[in-house]
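This report concerns only the one structure given below.
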Amino acid sequence: MSWTGDELTKIGDADELEVSSVRPDGSLRPYVTIWVVRLGDDLYIRSAYGPENGWYRRAHAAGAGRVRAGGVTHDVTFEDGDPALRERIDDAYHAKYDKYGPTVVGPMVGEELAAVTFRLSPR
């Protein structure tokens with residue numbers, strides 16, 4: 001399954017995305033608001049506070065969840081981002097969020113963020 005053009009535009013243009021991971025019993029955890037960027041036909045999210053961030057740990061363990069943004073709600077798979085795309089994803093974060101200033105965008109970019117980047121795949 002892949003994103004439709006409309007979904008990519010609506011989610012990719014949204015300033016914020018709500019993400020929830022699936023519990024072992026199949027129910028959803030509470031949503032957490034984070035940033036999302038689009039790179040081509042893919043959507044990416046990152047943990048600004050590294051691998052110990054609660055939402056990231058739970059999403060990594062579950063591998064699946066749901067996102068909401070731009071009027072779109074979709075079940076997703078959390079896939080590890082390709083480290084080779086780190087700089088392009090950094091550039092996408094800068095292009096979209098630099099309006100908030102370097103102290104806000106700073107935790108979202110950099111070499112160490114490659115390890116805590118998810119590609120969102122629709123399911």
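Each chain in the structure tokens gets a letter, A, B, ..., in the order shown, and its residues are numbered from 1; ligands are numbered from 1 in order too.
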Leaving out range 63-76 of chain A and any residue of its chain fewer than 5 positions from it, which residues lie within 7 Å of it when counting only C-alpha atoms, given as an mmCIF file with C-alpha atoms, in the first residue's frame?
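result-v7.cif, written as the output of this step:
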data_model
loop_
_atom_site.group_PDB
_atom_site.id
_atom_site.type_symbol
_atom_site.label_atom_id
_atom_site.label_comp_id
_atom_site.auth_asym_id
_atom_site.auth_seq_id
_atom_site.Cartn_x
_atom_site.Cartn_y
_atom_site.Cartn_z
ATOM 1 C CA GLU A 7 -2.710 12.134 1.770
ATOM 2 C CA LYS A 10 -2.315 16.989 3.541
ATOM 3 C CA ILE A 11 -0.005 15.225 5.998
ATOM 4 C CA ALA A 14 0.498 19.922 8.241
ATOM 5 C CA GLU A 16 1.975 18.938 13.369
ATOM 6 C CA LEU A 17 1.182 15.260 13.302
ATOM 7 C CA GLU A 18 -0.370 13.181 16.053
ATOM 8 C CA VAL A 19 1.169 9.738 16.435
ATOM 9 C CA SER A 20 -0.016 6.750 18.446
ATOM 10 C CA SER A 21 1.451 3.279 18.704
ATOM 11 C CA VAL A 22 -0.491 0.040 19.075
ATOM 12 C CA LEU A 120 5.748 6.119 7.911
ATOM 13 C CA SER A 121 4.263 3.459 5.668
ATOM 14 C CA PRO A 122 0.495 3.243 5.275
ATOM 15 C CA ARG A 123 -1.109 -0.073 6.179
#
Who sits within 9 Å of range 31-46 of chain A, only C-alpha atoms, same chain under 2 positions skipped, as a PyMOL selection string: chain A and resi 2-5+8-9+11-21+28-29+48-50+55-56+66-68+81+88-89+92-93+96-97+108-109+113-121
Include N, CA and C atoms and write out the residues we just selected as a short mmCIF file (atom, residue, chain, number, x, y, z; two decimals), in the first residue's frame.
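Okay, again.cif is ready:
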data_model
loop_
_atom_site.label_atom_id
_atom_site.label_comp_id
_atom_site.auth_asym_id
_atom_site.auth_seq_id
_atom_site.Cartn_x
_atom_site.Cartn_y
_atom_site.Cartn_z
N SER A 2 0.44 2.29 -0.65
CA SER A 2 1.21 3.53 -0.67
C SER A 2 0.27 4.70 -0.38
N TRP A 3 0.88 5.83 -0.05
CA TRP A 3 0.10 7.04 0.22
C TRP A 3 -0.51 7.55 -1.09
N THR A 4 -1.69 8.13 -1.00
CA THR A 4 -2.25 8.82 -2.17
C THR A 4 -1.59 10.19 -2.23
N GLY A 5 -1.67 10.83 -3.38
CA GLY A 5 -1.13 12.18 -3.52
C GLY A 5 -1.80 13.14 -2.55
N LEU A 8 -0.43 12.51 1.02
CA LEU A 8 0.92 13.05 1.13
C LEU A 8 0.90 14.57 1.28
N THR A 9 0.08 15.22 0.49
CA THR A 9 0.00 16.67 0.55
C THR A 9 -0.57 17.13 1.88
N ILE A 11 -0.86 15.54 4.85
CA ILE A 11 -0.01 15.23 6.00
C ILE A 11 1.31 15.99 5.90
N GLY A 12 1.91 16.01 4.73
CA GLY A 12 3.18 16.69 4.55
C GLY A 12 3.12 18.19 4.78
N ASP A 13 1.98 18.80 4.48
CA ASP A 13 1.82 20.24 4.67
C ASP A 13 1.43 20.61 6.10
N ALA A 14 0.93 19.64 6.87
CA ALA A 14 0.50 19.92 8.24
C ALA A 14 1.71 20.28 9.10
N ASP A 15 1.59 21.29 9.93
CA ASP A 15 2.69 21.66 10.83
C ASP A 15 2.92 20.58 11.88
N GLU A 16 1.85 19.95 12.31
CA GLU A 16 1.97 18.94 13.37
C GLU A 16 1.26 17.66 12.97
N LEU A 17 1.76 16.57 13.51
CA LEU A 17 1.18 15.26 13.30
C LEU A 17 0.96 14.64 14.68
N GLU A 18 -0.13 13.94 14.83
CA GLU A 18 -0.37 13.18 16.05
C GLU A 18 -0.05 11.73 15.75
N VAL A 19 0.74 11.11 16.64
CA VAL A 19 1.17 9.74 16.43
C VAL A 19 0.79 8.90 17.65
N SER A 20 0.34 7.69 17.40
CA SER A 20 -0.02 6.75 18.45
C SER A 20 0.48 5.37 18.04
N SER A 21 1.02 4.65 19.00
CA SER A 21 1.45 3.28 18.70
C SER A 21 0.40 2.30 19.23
N LEU A 28 -4.99 1.51 20.92
CA LEU A 28 -4.04 2.57 20.65
C LEU A 28 -3.63 3.30 21.92
N ARG A 29 -2.37 3.67 22.00
CA ARG A 29 -1.88 4.51 23.10
C ARG A 29 -2.35 5.94 22.84
N ALA A 48 13.00 13.92 18.75
CA ALA A 48 13.92 15.03 19.06
C ALA A 48 14.78 14.73 20.28
N TYR A 49 14.33 13.89 21.15
CA TYR A 49 15.05 13.64 22.40
C TYR A 49 15.66 12.26 22.45
N GLY A 50 15.94 11.72 21.27
CA GLY A 50 16.67 10.47 21.19
C GLY A 50 15.84 9.22 21.42
N TRP A 55 7.35 8.09 23.41
CA TRP A 55 6.57 7.75 22.22
C TRP A 55 7.44 6.97 21.24
N TYR A 56 8.72 7.33 21.12
CA TYR A 56 9.60 6.65 20.18
C TYR A 56 9.83 5.20 20.61
N ARG A 66 -1.00 4.60 14.47
CA ARG A 66 -1.91 5.43 13.69
C ARG A 66 -1.41 6.87 13.76
N VAL A 67 -1.60 7.60 12.65
CA VAL A 67 -1.25 9.01 12.63
C VAL A 67 -2.47 9.82 12.20
N ARG A 68 -2.48 11.09 12.65
CA ARG A 68 -3.52 12.03 12.26
C ARG A 68 -2.84 13.36 11.95
N GLY A 81 14.22 4.73 9.27
CA GLY A 81 14.60 5.58 8.15
C GLY A 81 15.94 5.16 7.59
N ARG A 88 19.12 14.84 3.63
CA ARG A 88 17.94 15.31 2.88
C ARG A 88 16.75 15.49 3.82
N ILE A 89 16.62 14.61 4.80
CA ILE A 89 15.54 14.76 5.79
C ILE A 89 15.81 15.99 6.66
N ALA A 92 14.72 18.92 4.79
CA ALA A 92 13.26 19.04 4.79
C ALA A 92 12.76 19.65 6.11
N TYR A 93 13.37 19.25 7.23
CA TYR A 93 13.00 19.85 8.52
C TYR A 93 13.35 21.34 8.52
N LYS A 96 10.88 23.36 6.31
CA LYS A 96 9.52 23.45 6.85
C LYS A 96 9.45 24.19 8.19
N TYR A 97 10.46 24.00 9.05
CA TYR A 97 10.33 24.46 10.43
C TYR A 97 11.32 25.55 10.86
N MET A 108 15.97 18.63 16.03
CA MET A 108 15.35 17.77 15.02
C MET A 108 16.30 17.40 13.87
N VAL A 109 17.51 17.97 13.88
CA VAL A 109 18.43 17.73 12.79
C VAL A 109 19.81 17.33 13.32
N LEU A 113 20.37 11.98 14.70
CA LEU A 113 18.94 11.79 14.48
C LEU A 113 18.64 10.69 13.46
N ALA A 114 19.62 10.29 12.68
CA ALA A 114 19.40 9.23 11.70
C ALA A 114 18.91 7.95 12.38
N ALA A 115 19.40 7.69 13.58
CA ALA A 115 19.05 6.46 14.30
C ALA A 115 17.65 6.49 14.89
N VAL A 116 17.04 7.66 14.97
CA VAL A 116 15.70 7.77 15.58
C VAL A 116 14.70 8.39 14.59
N THR A 117 14.87 8.03 13.33
CA THR A 117 13.98 8.50 12.26
C THR A 117 13.13 7.33 11.79
N PHE A 118 11.83 7.56 11.71
CA PHE A 118 10.91 6.57 11.15
C PHE A 118 10.39 7.04 9.81
N ARG A 119 10.30 6.12 8.90
CA ARG A 119 9.53 6.33 7.66
C ARG A 119 8.14 5.78 7.95
N LEU A 120 7.13 6.57 7.68
CA LEU A 120 5.75 6.12 7.91
C LEU A 120 5.23 5.44 6.66
N SER A 121 4.83 4.20 6.78
CA SER A 121 4.26 3.46 5.67
C SER A 121 2.80 3.17 5.96
#
Shortest interatomic distance to Gly54 in chain A - which of A:Asp25, A:Gly101, A:Pro30, A:Ala84, counting only C-alpha atoms: A:Pro30
Filtered DSSP result for range 11-99 of chain A, state alpha helix (DSSP H), as a list in words: Ile11, Gly12, Asp13, Gly54, Trp55, Tyr56, Arg57, Arg58, Ala59, His60, Ala61, Ala62, Arg86, Glu87, Arg88, Ile89, Asp90, Asp91, Ala92, Tyr93, His94, Ala95, Lys96 and Tyr97 of chain A
Sel. of strand (DSSP E) residues, range 34-101 of chain A, as a list in words: Ile34, Val37, Arg38, Leu39, Asp42, Leu43, Tyr44, Ile45, Arg46, Ala64, Gly65, Arg66, Val67, Arg68, Ala69, Val72, Thr73, His74, Asp75, Val76, Thr77, Phe78, Glu79 and Asp80 of chain A
For CA of Gly106 in chain A and CA of Ser47 in chain A, the interatomic separation in Å (one decimal): 12.1 Å
Interatomic distance (Å, one decimal) between CA of Asp98 in chain A and CA of Asp82 in chain A: 22.8 Å
Selected residue, from A:Ser27, A:Pro102, A:Asp6, A:Arg58, that lies nearest to Phe78 in chain A when counting only C-alpha atoms: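 Smallest distance to Phe78 in chain A is found for A:Arg58.
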